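Engineer: Data file model_39.cif (mmCIF, C-alpha atoms) is appended below.
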data_coords
loop_
_atom_site.label_atom_id
_atom_site.label_comp_id
_atom_site.auth_asym_id
_atom_site.auth_seq_id
_atom_site.Cartn_x
_atom_site.Cartn_y
_atom_site.Cartn_z
CA ALA A 1 147.23 113.34 120.11
CA SER A 2 144.73 116.21 120.06
CA THR A 3 142.93 114.75 123.07
CA LEU A 4 146.18 114.37 124.99
CA TYR A 5 147.13 117.94 124.10
CA GLU A 6 144.04 119.24 125.90
CA GLU A 7 143.00 116.66 128.45
CA PRO A 8 144.84 114.69 131.15
CA SER A 9 144.78 110.93 130.66
CA TRP A 10 145.09 110.08 134.35
CA LEU A 11 141.35 110.41 135.06
CA LYS A 12 140.67 106.84 133.95
CA ARG A 13 143.70 105.08 135.35
CA ARG A 14 145.51 107.06 138.03
CA ILE A 15 145.14 108.11 141.64
CA GLU A 16 145.94 111.57 142.97
CA VAL A 17 148.96 112.02 145.23
CA ALA A 18 150.69 115.02 146.82
CA TRP A 19 153.97 115.82 145.06
CA GLU A 20 155.73 117.03 148.22
CA GLU A 21 155.19 113.61 149.77
CA GLU A 22 155.67 111.57 146.62
CA ARG A 23 158.96 113.11 145.54
CA GLN A 24 160.63 111.75 148.68
CA LYS A 25 160.12 108.22 147.31
CA ILE A 26 161.29 108.51 143.74
CA LYS A 27 164.61 107.74 142.07
CA ARG A 28 163.78 108.26 138.39
CA ALA A 29 160.51 109.88 137.34
CA VAL A 30 158.75 111.63 134.48
CA ILE A 31 156.00 114.23 134.93
CA ILE A 32 153.68 114.70 131.98
CA GLY A 33 150.90 117.23 131.52
CA ALA A 34 148.98 119.40 129.08
CA PRO A 35 150.33 122.78 127.91
CA GLY A 36 149.94 125.23 130.77
CA GLY A 37 149.40 122.42 133.25
CA GLY A 38 152.32 123.59 135.40
CA LYS A 39 155.22 121.33 134.41
CA SER A 40 157.87 124.05 134.32
CA PHE A 41 156.37 125.70 137.40
CA LEU A 42 156.62 122.41 139.30
CA ALA A 43 160.22 121.99 138.11
CA ASP A 44 161.09 125.50 139.31
CA PHE A 45 159.21 125.11 142.59
CA THR A 46 160.91 121.80 143.37
CA ALA A 47 164.37 123.20 142.63
CA VAL A 48 163.77 126.31 144.72
CA THR A 49 162.36 124.29 147.65
CA ILE A 50 165.45 122.06 147.72
CA ALA A 51 167.79 125.04 147.33
CA GLN A 52 166.13 126.90 150.20
CA ALA A 53 166.50 123.88 152.49
CA SER A 54 170.21 123.66 151.68
CA LEU A 55 170.60 127.40 152.14
CA ARG A 56 169.10 127.21 155.64
CA LEU A 57 171.56 124.46 156.57
CA LEU A 58 174.41 126.55 155.20
CA GLN A 59 173.30 129.64 157.13
CA ASP A 60 172.91 127.66 160.35
CA ARG A 61 176.44 126.31 159.92
CA ASN A 62 175.20 122.93 161.17
CA ASN A 63 176.30 121.00 158.11
CA THR A 64 179.33 120.51 155.91
CA LEU A 65 179.38 121.42 152.24
CA GLU A 66 179.48 117.71 151.43
CA GLY A 67 176.15 117.25 153.23
CA LEU A 68 174.24 119.87 151.25
CA THR A 69 171.76 118.79 148.57
CA LEU A 70 172.30 120.37 145.16
CA PRO A 71 169.28 120.96 142.89
CA MET A 72 170.23 121.12 139.20
CA ARG A 73 167.36 122.46 137.08
CA VAL A 74 168.25 122.33 133.37
CA GLU A 75 166.35 122.71 130.11
CA LEU A 76 166.57 119.42 128.22
CA THR A 77 167.25 121.35 125.02
CA GLU A 78 170.54 122.37 126.64
CA PHE A 79 171.40 118.94 128.07
CA ALA A 80 170.78 117.42 124.61
CA ARG A 81 173.10 119.73 122.67
CA SER A 82 175.34 117.92 120.20
CA ASP A 83 178.27 120.27 120.84
CA PHE A 84 178.41 119.47 124.57
CA SER A 85 180.56 116.79 126.15
CA SER A 86 179.37 113.17 126.02
CA ASP A 87 180.07 113.04 129.76
CA PRO A 88 176.72 113.88 131.42
CA ALA A 89 178.33 115.71 134.35
CA GLU A 90 180.36 117.95 132.07
CA ALA A 91 177.34 118.51 129.80
CA LEU A 92 175.28 119.65 132.81
CA LEU A 93 178.01 122.07 133.88
CA GLU A 94 178.28 123.40 130.32
CA ALA A 95 174.51 123.98 130.36
CA CYS A 96 174.84 125.92 133.61
CA ARG A 97 177.65 128.01 132.20
CA GLN A 98 175.24 129.31 129.55
CA TYR A 99 173.53 131.30 132.30
CA TYR A 100 175.92 131.50 135.27
CA SER A 101 179.57 132.22 135.85
CA LEU A 102 180.93 129.18 137.72
CA SER A 103 184.21 129.54 139.54
CA PRO A 104 186.56 126.54 139.23
CA ARG A 105 185.99 125.58 142.90
CA LEU A 106 182.22 125.80 142.59
CA ALA A 107 182.24 123.76 139.38
CA GLN A 108 184.42 121.14 141.08
CA TRP A 109 182.06 120.96 144.07
CA MET A 110 179.01 120.66 141.80
CA ARG A 111 180.62 117.94 139.70
CA ALA A 112 181.36 115.91 142.83
CA ARG A 113 177.72 116.23 143.99
CA LEU A 114 176.04 115.37 140.66
CA PRO A 115 176.31 111.55 140.74
CA THR A 116 175.49 111.29 144.45
CA GLU A 117 172.32 111.15 146.54
CA GLN A 118 173.02 114.80 147.42
CA CYS A 119 171.77 115.91 144.00
CA TRP A 120 168.34 116.45 142.46
CA LEU A 121 168.50 116.52 138.68
CA ILE A 122 165.42 118.29 137.26
CA LEU A 123 165.25 118.19 133.46
CA ASP A 124 162.48 120.28 131.92
CA ALA A 125 160.65 120.14 128.57
CA PHE A 126 161.54 116.87 126.85
CA ASP A 127 158.98 117.77 124.18
CA GLN A 128 161.05 120.75 123.06
CA VAL A 129 164.16 118.70 122.22
CA ASP A 130 164.89 118.62 118.49
CA GLU A 131 164.65 115.10 117.06
CA ARG A 132 168.19 115.51 115.72
CA ASP A 133 169.43 115.78 119.33
CA HIS A 134 167.54 112.72 120.66
CA PHE A 135 170.62 110.56 120.03
CA PHE A 136 172.88 112.74 122.19
CA LEU A 137 170.23 113.11 124.90
CA GLY A 138 169.62 109.36 124.99
CA ASN A 139 173.33 108.65 125.43
CA ARG A 140 173.63 111.08 128.33
CA LEU A 141 170.51 109.78 130.05
CA ARG A 142 171.75 106.21 129.57
CA ALA A 143 175.07 107.17 131.12
CA LEU A 144 173.31 107.98 134.37
CA GLU A 145 172.44 104.29 134.58
CA THR A 146 175.71 102.81 133.30
CA GLN A 147 177.79 105.11 135.51
CA ASP A 148 175.58 104.26 138.51
CA TRP A 149 174.47 107.79 139.32
CA GLN A 150 172.61 107.83 142.65
CA CYS A 151 170.94 111.23 142.19
CA GLN A 152 167.18 111.70 141.99
CA ALA A 153 166.22 112.58 138.40
CA VAL A 154 162.93 114.03 137.13
CA ILE A 155 161.95 114.75 133.51
CA THR A 156 158.96 116.83 132.40
CA CYS A 157 157.17 116.41 129.07
CA ARG A 158 153.91 117.28 127.33
CA THR A 159 151.46 114.37 127.43
CA ALA A 160 151.00 114.29 123.66
CA ASN A 161 154.76 114.13 123.05
CA TYR A 162 155.62 111.52 125.69
CA GLN A 163 157.22 108.31 124.43
CA ARG A 164 158.50 105.98 127.12
CA ASP A 165 161.01 104.30 124.81
CA LEU A 166 162.89 107.58 124.33
CA ILE A 167 163.93 107.57 128.00
CA PRO A 168 166.54 104.79 128.39
CA TRP A 169 166.00 104.08 132.07
CA GLY A 170 165.06 100.61 133.25
CA LYS A 171 162.80 101.83 136.05
CA LEU A 172 160.76 105.00 135.72
CA SER A 173 157.88 106.31 137.85
CA GLU A 174 155.27 108.08 135.73
CA TYR A 175 153.23 110.99 137.06
CA GLU A 176 150.68 113.24 135.42
CA LEU A 177 149.72 116.69 136.63
CA ALA A 178 146.25 116.68 138.13
CA PRO A 179 143.90 119.42 136.89
CA PHE A 180 142.18 121.80 139.29
CA ASN A 181 138.84 120.65 140.65
CA ILE A 182 135.88 122.99 141.20
CA ASP A 183 136.88 123.88 144.76
CA GLU A 184 140.46 124.63 143.72
CA ILE A 185 139.27 126.88 140.89
CA GLN A 186 137.13 128.84 143.33
CA GLN A 187 139.98 129.06 145.85
CA PHE A 188 142.34 130.30 143.15
CA ILE A 189 139.89 133.04 142.12
CA LYS A 190 139.37 134.13 145.73
CA ARG A 191 143.10 134.42 146.32
CA TRP A 192 143.66 136.21 143.03
CA PHE A 193 141.14 138.98 143.65
CA GLY A 194 141.58 139.13 147.43
CA PRO A 195 139.80 142.21 148.77
CA LYS A 196 138.09 142.71 145.39
CA ARG A 197 135.61 140.07 146.48
CA GLU A 198 132.74 141.24 144.30
CA GLN A 199 134.89 141.08 141.16
CA GLY A 200 135.90 137.52 141.99
CA GLU A 201 132.32 136.47 142.64
CA THR A 202 131.28 137.96 139.30
CA LEU A 203 133.88 135.79 137.56
CA GLN A 204 132.74 132.69 139.42
CA ARG A 205 129.14 133.26 138.35
CA ALA A 206 130.24 133.76 134.74
CA LEU A 207 132.15 130.47 134.81
CA GLU A 208 129.14 128.66 136.25
CA ARG A 209 127.17 129.75 133.17
CA ASN A 210 130.04 128.96 130.82
CA PRO A 211 130.77 125.21 131.04
CA THR A 212 133.29 125.29 128.18
CA LEU A 213 135.53 127.90 129.78
CA ASN A 214 134.89 126.49 133.27
CA HIS A 215 136.17 123.12 132.05
CA ALA A 216 139.20 124.77 130.44
CA CYS A 217 139.98 126.56 133.72
CA ARG A 218 141.00 123.26 135.26
CA ASN A 219 144.27 124.13 133.54
CA PRO A 220 146.30 126.55 135.75
CA LEU A 221 147.47 128.68 132.80
CA ILE A 222 143.97 129.09 131.38
CA LEU A 223 142.63 130.01 134.82
CA THR A 224 145.44 132.55 135.26
CA LEU A 225 144.67 134.12 131.88
CA THR A 226 140.96 134.20 132.74
CA CYS A 227 141.59 136.07 135.98
CA LEU A 228 143.97 138.43 134.19
CA ALA A 229 141.41 139.16 131.47
CA HIS A 230 138.65 139.66 134.05
CA GLU A 231 140.76 142.28 135.83
CA GLU A 232 140.68 144.43 132.72
CA ARG A 233 137.12 143.73 131.55
CA ALA A 234 134.47 141.33 132.83
CA VAL A 235 134.60 137.80 131.42
CA THR A 236 131.15 136.75 130.22
CA GLU A 237 129.40 133.45 129.63
CA GLU A 238 130.12 133.79 125.88
CA MET A 239 133.90 133.83 126.36
CA ARG A 240 135.80 130.96 124.71
CA ARG A 241 139.43 129.93 124.94
CA SER A 242 140.37 131.53 121.61
CA ASN A 243 138.65 134.76 122.71
CA LEU A 244 140.59 134.57 125.96
CA TYR A 245 143.99 134.38 124.23
CA ALA A 246 142.95 137.17 121.88
CA ARG A 247 141.97 139.44 124.76
CA VAL A 248 145.09 138.74 126.81
CA LEU A 249 147.34 139.31 123.80
CA ARG A 250 145.56 142.55 123.05
CA GLY A 251 145.91 143.59 126.68
CA LEU A 252 149.62 142.84 126.61
CA ALA A 253 150.09 144.63 123.27
CA ARG A 254 148.51 147.79 124.61
CA ARG A 255 150.23 147.33 128.00
CA GLY A 256 146.86 147.16 129.71
CA TRP A 257 148.38 146.02 133.02
CA GLN A 258 151.16 148.61 133.02
CA SER A 259 151.14 152.31 133.70
CA ASN A 260 150.02 154.55 130.80
CA PRO A 261 148.40 151.85 128.61
CA LEU A 262 147.25 152.54 125.08
CA GLN A 263 143.53 152.94 124.44
CA ARG A 264 141.61 149.78 123.50
CA ASP A 265 140.75 151.24 120.08
CA ASP A 266 144.31 152.34 119.26
CA ALA A 267 145.07 151.10 115.72
CA HIS A 268 148.69 150.43 116.67
CA VAL A 269 147.50 147.51 118.79
CA ASP A 270 145.88 145.87 115.76
CA ASP A 271 148.99 146.47 113.68
CA LEU A 272 151.21 144.92 116.34
CA ILE A 273 149.03 141.81 116.68
CA SER A 274 148.91 141.34 112.90
CA LEU A 275 152.69 141.54 112.84
CA LEU A 276 152.86 139.06 115.72
CA GLU A 277 150.80 136.50 113.80
CA ALA A 278 153.16 136.62 110.83
CA VAL A 279 156.24 136.51 113.07
CA ALA A 280 154.88 133.59 115.12
CA ARG A 281 154.01 131.57 112.04
CA ALA A 282 157.47 132.07 110.53
CA LEU A 283 159.18 131.04 113.76
CA PHE A 284 156.84 128.08 114.35
CA GLU A 285 157.39 126.76 110.84
CA ARG A 286 161.13 127.01 111.40
CA ARG A 287 161.06 124.81 114.56
CA PRO A 288 157.59 123.64 115.67
CA GLU A 289 158.93 121.98 118.82
CA SER A 290 160.69 125.09 120.11
CA ASN A 291 159.90 128.26 122.00
CA ARG A 292 163.37 129.71 121.90
CA PHE A 293 164.67 131.67 118.94
CA SER A 294 167.85 133.58 118.30
CA ASN A 295 167.89 137.33 117.84
CA THR A 296 168.77 136.79 114.16
CA GLU A 297 165.79 134.46 113.66
CA LEU A 298 163.48 136.94 115.36
CA ILE A 299 164.75 139.92 113.35
CA GLU A 300 164.43 137.93 110.11
CA ALA A 301 160.83 137.01 110.98
CA ILE A 302 159.98 140.63 111.79
CA ASN A 303 161.59 141.84 108.57
CA ALA A 304 159.67 139.25 106.55
CA ALA A 305 156.41 140.32 108.22
CA CYS A 306 157.24 143.91 107.31
CA GLY A 307 158.04 142.97 103.69
CA ARG A 308 161.80 143.08 104.03
CA ALA A 309 164.36 140.33 103.44
CA GLY A 310 167.50 139.22 105.27
CA PRO A 311 168.61 139.59 108.88
CA LEU A 312 169.31 143.35 108.81
CA ALA A 313 170.09 143.16 112.52
CA LEU A 314 170.64 146.91 112.71
CA ASP A 315 167.39 147.81 110.96
CA GLU A 316 165.73 150.46 113.12
CA THR A 317 162.16 149.26 112.52
CA ALA A 318 162.88 145.61 113.34
CA THR A 319 164.86 146.39 116.48
CA ARG A 320 162.23 148.87 117.65
CA LEU A 321 159.46 146.28 117.19
CA ARG A 322 161.51 143.62 118.97
CA LYS A 323 162.08 146.00 121.87
CA GLU A 324 158.37 146.83 122.03
CA LEU A 325 157.37 143.14 122.13
CA VAL A 326 159.76 142.62 125.03
CA GLN A 327 158.49 145.68 126.88
CA CYS A 328 154.90 144.46 126.42
CA GLY A 329 155.83 141.13 128.00
CA ILE A 330 154.88 139.09 124.93
CA LEU A 331 158.52 138.17 124.37
CA VAL A 332 161.00 137.42 127.16
CA SER A 333 164.78 137.10 127.11
CA ALA A 334 165.91 133.45 127.16
CA GLY A 335 169.67 133.73 127.61
CA LEU A 336 172.41 132.98 125.09
CA ASN A 337 172.48 130.12 122.60
CA ARG A 338 175.45 127.93 121.63
CA ASP A 339 176.68 130.69 119.30
CA GLU A 340 176.70 133.21 122.17
CA GLU A 341 173.74 135.05 120.62
CA LEU A 342 170.83 136.47 122.60
CA THR A 343 167.63 134.40 122.38
CA PHE A 344 163.96 135.15 123.02
CA SER A 345 160.83 133.15 123.88
CA PHE A 346 157.13 133.88 123.84
CA LEU A 347 155.82 134.28 127.39
CA HIS A 348 154.36 130.78 127.00
CA ARG A 349 154.62 128.34 124.13
CA THR A 350 150.82 128.23 123.78
CA PHE A 351 150.83 131.91 122.73
CA LEU A 352 153.18 131.03 119.87
CA GLU A 353 150.86 128.18 118.88
CA TYR A 354 147.71 130.32 119.16
CA LEU A 355 149.16 133.07 116.98
CA THR A 356 150.30 130.54 114.37
CA ALA A 357 146.88 128.87 114.32
CA HIS A 358 145.19 132.26 113.94
CA ALA A 359 147.49 133.18 111.04
CA LEU A 360 146.72 129.88 109.30
CA SER A 361 143.00 130.37 109.90
CA ARG A 362 143.12 133.80 108.27
CA LYS A 363 144.97 132.38 105.27
CA ALA A 364 142.49 129.52 104.89
CA ASN A 365 139.52 131.86 105.10
CA ALA A 366 141.03 134.22 102.55
CA GLU A 367 142.48 131.73 100.07
CA GLY A 368 140.92 128.35 100.87
CA TRP A 369 142.41 125.37 102.64
CA HIS A 370 144.30 124.33 99.51
CA SER A 371 146.60 127.31 100.17
CA ILE A 372 148.01 125.62 103.28
CA ALA A 373 150.43 122.81 102.46
#
Output the file's structure as structure tokens, nothing else.

Structural biologist:
Amino acid sequence: ASTLYEEPSWLKRRIEVAWEEERQKIKRAVIIGAPGGGKSFLADFTAVTIAQASLRLLQDRNNTLEGLTLPMRVELTEFARSDFSSDPAEALLEACRQYYSLSPRLAQWMRARLPTEQCWLILDAFDQVDERDHFFLGNRLRALETQDWQCQAVITCRTANYQRDLIPWGKLSEYELAPFNIDEIQQFIKRWFGPKREQGETLQRALERNPTLNHACRNPLILTLTCLAHEERAVTEEMRRSNLYARVLRGLARRGWQSNPLQRDDAHVDDLISLLEAVARALFERRPESNRFSNTELIEAINAACGRAGPLALDETATRLRKELVQCGILVSAGLNRDEELTFSFLHRTFLEYLTAHALSRKANAEGWHSIA
């Protein structure tokens, strides 16, 4: 599982194909990949590409509404909710209503499109579905087969969490995200730094002398973080992945890429990161599979990190710290949950996992491994 968390498995048994060409052929598919490999980005990109094509047809007035293709991009945590309808079409509409206001006519049009070939159903993050909701998710996915839905359907999932038997479809095409090769890494760096050619070349030379980080940069997220860190201060051949996350988090905490950043040696930055570690660990232990937490859960974790107890939603310190974490970009708003309460996510799930691992490492170093049960 650790190997699959870090490395793609396709190298030994798969061939590389272009998604834009391949997606025209599929009916049911799953896309797996390592954390930061681009699963959610590919889901978003595919949905936007399809939506733009339909929008052009609508603007040209050369097609009827019945001829437009509808992309439906939904988090699987929403589609799996136990309090949603057992009817998959209604469950999808209920998931959309968590974020958008659907008029009755629009909802009726969408419902008519869902089971047809004029729909692309893109379901993201199977690995984040709570095990308690697998039953409800399985029933809805199975209904697509029993009700003879003709839509194209794609699921994304982390490689380490993928279990074929949890997806009740008879036929399923399996794809794995290909990592960047050396040329693609270099092209990415050139495009990132653009006219700052010398800065980009400095990073490329550092990666050539740093095989560990160079290998990690095959992952799009790690390469993005590396370029971001190099913008602020040169990445060296000694840089490791853990150092990279530490530097990016510190840069975010001090708002290094915003106007009027704090100084690198400002003690408040250290205080904020220490708080973050405690908050991340508390949230991770609550739901390890998730990266979406209610405002109450977040406030409780902040209060606990500050030595307080209870939700105390109106506590000035907790709300101020929550606001600061959002302004820094470390936390992002993630809509409303089933109780109509605001939710938040870490900017990427790997940041939550890094902070938790760092907190556990500190505890083990201070108290011994027996202290971690």

Engineer: Atom CA of Arg281 of chain A and atom CA of Ala304 of chain A, how far apart in Å?

Structural biologist: 11.0 Å

Engineer: Give me, as a Markdown table, each residue of segment 144-236 of chain A that comes within 12 Å of segment 348-358 of chain A, together with its shortest interatomic pair and the distance in Å at one decimal, counting all atoms listed in the file, with rows ordered by chain and rising residue number.

Structural biologist:
| residue | atom | partner | partner_atom | distance |
| --- | --- | --- | --- | --- |
| A:Arg158 | CA | A:Arg349 | CA | 11.5 |
| A:Leu221 | CA | A:His348 | CA | 9.2 |
| A:Ile222 | CA | A:Thr350 | CA | 10.3 |
| A:Leu225 | CA | A:Phe351 | CA | 11.2 |

Engineer: Counting only C-alpha atoms, which residues of segment 103-145 of chain A fall within 10 Å of segment 38-60 of chain A, and what is the closest atom pair for each with its distance in Å at one decimal, ordered by chain and rising number, as a Markdown table?

Structural biologist:
| residue | atom | partner | partner_atom | distance |
| --- | --- | --- | --- | --- |
| A:Cys119 | CA | A:Ile50 | CA | 9.6 |
| A:Trp120 | CA | A:Ala47 | CA | 7.8 |
| A:Leu121 | CA | A:Ala47 | CA | 8.8 |
| A:Ile122 | CA | A:Ala43 | CA | 6.4 |
| A:Leu123 | CA | A:Ala43 | CA | 7.8 |
| A:Asp124 | CA | A:Ser40 | CA | 6.4 |
| A:Ala125 | CA | A:Ser40 | CA | 7.5 |

Engineer: Can you translate the PyMOL selection byres ((chain A and resi 305) around 9) into the concrete residues it hits in this file, as number ranges by chain?

Structural biologist: A: 274-279, 282, 300-304, 306-308

Engineer: So that I have them on file, write out the residues from the current selection with C-alpha atoms, as a compact mmCIF listing (two decimals), in the frame of the given file.

Structural biologist:
# COMPACT_ATOMS: atom_id res chain seq x y z
CA SER A 274 148.91 141.34 112.90
CA LEU A 275 152.69 141.54 112.84
CA LEU A 276 152.86 139.06 115.72
CA GLU A 277 150.80 136.50 113.80
CA ALA A 278 153.16 136.62 110.83
CA VAL A 279 156.24 136.51 113.07
CA ALA A 282 157.47 132.07 110.53
CA GLU A 300 164.43 137.93 110.11
CA ALA A 301 160.83 137.01 110.98
CA ILE A 302 159.98 140.63 111.79
CA ASN A 303 161.59 141.84 108.57
CA ALA A 304 159.67 139.25 106.55
CA CYS A 306 157.24 143.91 107.31
CA GLY A 307 158.04 142.97 103.69
CA ARG A 308 161.80 143.08 104.03

Engineer: May I ask which of the residues A:Phe126, A:Trp192, A:Phe135, A:Tyr99 is the closest one to Thr156 of chain A, counting all atoms listed in the file?

Structural biologist: A:Phe126

Engineer: Could you tell me, as a JSON list (two decimals) with C-alpha atoms, keeping the file's coordinate frame, exactly which residues end up selected when the PyMOL selection byres ((chain A and resi 81) around 10) is applied to this structure?

Structural biologist:
[["chain", "number", "residue", "atom", "x", "y", "z"],
["A", 76, "LEU", "CA", 166.57, 119.42, 128.22],
["A", 77, "THR", "CA", 167.25, 121.35, 125.02],
["A", 78, "GLU", "CA", 170.54, 122.37, 126.64],
["A", 79, "PHE", "CA", 171.40, 118.94, 128.07],
["A", 80, "ALA", "CA", 170.78, 117.42, 124.61],
["A", 82, "SER", "CA", 175.34, 117.92, 120.20],
["A", 83, "ASP", "CA", 178.27, 120.27, 120.84],
["A", 84, "PHE", "CA", 178.41, 119.47, 124.57],
["A", 85, "SER", "CA", 180.56, 116.79, 126.15],
["A", 86, "SER", "CA", 179.37, 113.17, 126.02],
["A", 91, "ALA", "CA", 177.34, 118.51, 129.80],
["A", 94, "GLU", "CA", 178.28, 123.40, 130.32],
["A", 95, "ALA", "CA", 174.51, 123.98, 130.36],
["A", 129, "VAL", "CA", 164.16, 118.70, 122.22],
["A", 130, "ASP", "CA", 164.89, 118.62, 118.49],
["A", 132, "ARG", "CA", 168.19, 115.51, 115.72],
["A", 133, "ASP", "CA", 169.43, 115.78, 119.33],
["A", 134, "HIS", "CA", 167.54, 112.72, 120.66],
["A", 135, "PHE", "CA", 170.62, 110.56, 120.03],
["A", 136, "PHE", "CA", 172.88, 112.74, 122.19],
["A", 137, "LEU", "CA", 170.23, 113.11, 124.90],
["A", 338, "ARG", "CA", 175.45, 127.93, 121.63]]

Engineer: Between atom CA of Ile167 of chain A and atom CA of Glu16 of chain A, what is the distance, to one decimal in Å?

Structural biologist: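 Value for the atom CA of Ile167 of chain A-atom CA of Glu16 of chain A distance: 23.7 Å.
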
Engineer: Could you check the closest approach to Asp127 of chain A for each of A:Leu321, A:Leu298, A:Leu331, A:Ile32 and tell me which residue wins, using all atoms listed in the file?

Structural biologist: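 Using all atoms listed in the file, the shortest distance to Asp127 of chain A belongs to A:Ile32.
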
Engineer: Evaluate the PyMOL selection byres ((chain A and resi 193) around 12) on the structure here and hand back the selected residues as a PyMOL selection string.

Structural biologist: chain A and resi 186-192+194-204+224+226-228+230-231

Engineer: Separation of atom CA of Arg73 of chain A and atom CA of Val154 of chain A, in Å?

Structural biologist: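 So the answer is 9.5 Å.
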
Engineer: Taking all atoms listed in the file into account, name the residue in A:Leu283, A:Leu325, A:Leu102, A:Ala153 that is nearest to Gln24 of chain A.

Structural biologist: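 Checking each of A:Leu283, A:Leu325, A:Leu102, A:Ala153 against Gln24 of chain A, counting all atoms listed in the file, the winner is A:Ala153.
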
Engineer: Around segment 216-227 of chain A, fit a box with edges along x, y and z, padding it by 5 Å on each side, then list its centre and edge lengths in Å to one decimal as lines of an AutoDock Vina configuration file.

Structural biologist:
center_x = 143.3
center_y = 129.7
center_z = 133.2
size_x = 18.3
size_y = 22.8
size_z = 15.5

Engineer: Which is closer to Arg233 of chain A than all the others in A:Lys363, A:Arg209, A:Arg264, A:Arg164, using all atoms listed in the file?

Structural biologist: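 Of A:Lys363, A:Arg209, A:Arg264, A:Arg164, the one nearest Arg233 of chain A, counting all atoms listed in the file, is A:Arg264.
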
Engineer: Excluding same-chain residues fewer than 3 positions from segment 268-271 of chain A, what lies within 10 Å of it counting all atoms listed in the file, as a count of residues only?

Structural biologist: 14

Engineer: Which polymer residues have any atom within 7 Å of an atom of Leu68 of chain A, counting only C-alpha atoms, with same-chain residues fewer than 3 positions away left out, as JSON, numbers by chain?

Structural biologist: {"A": [54, 64, 65, 118]}
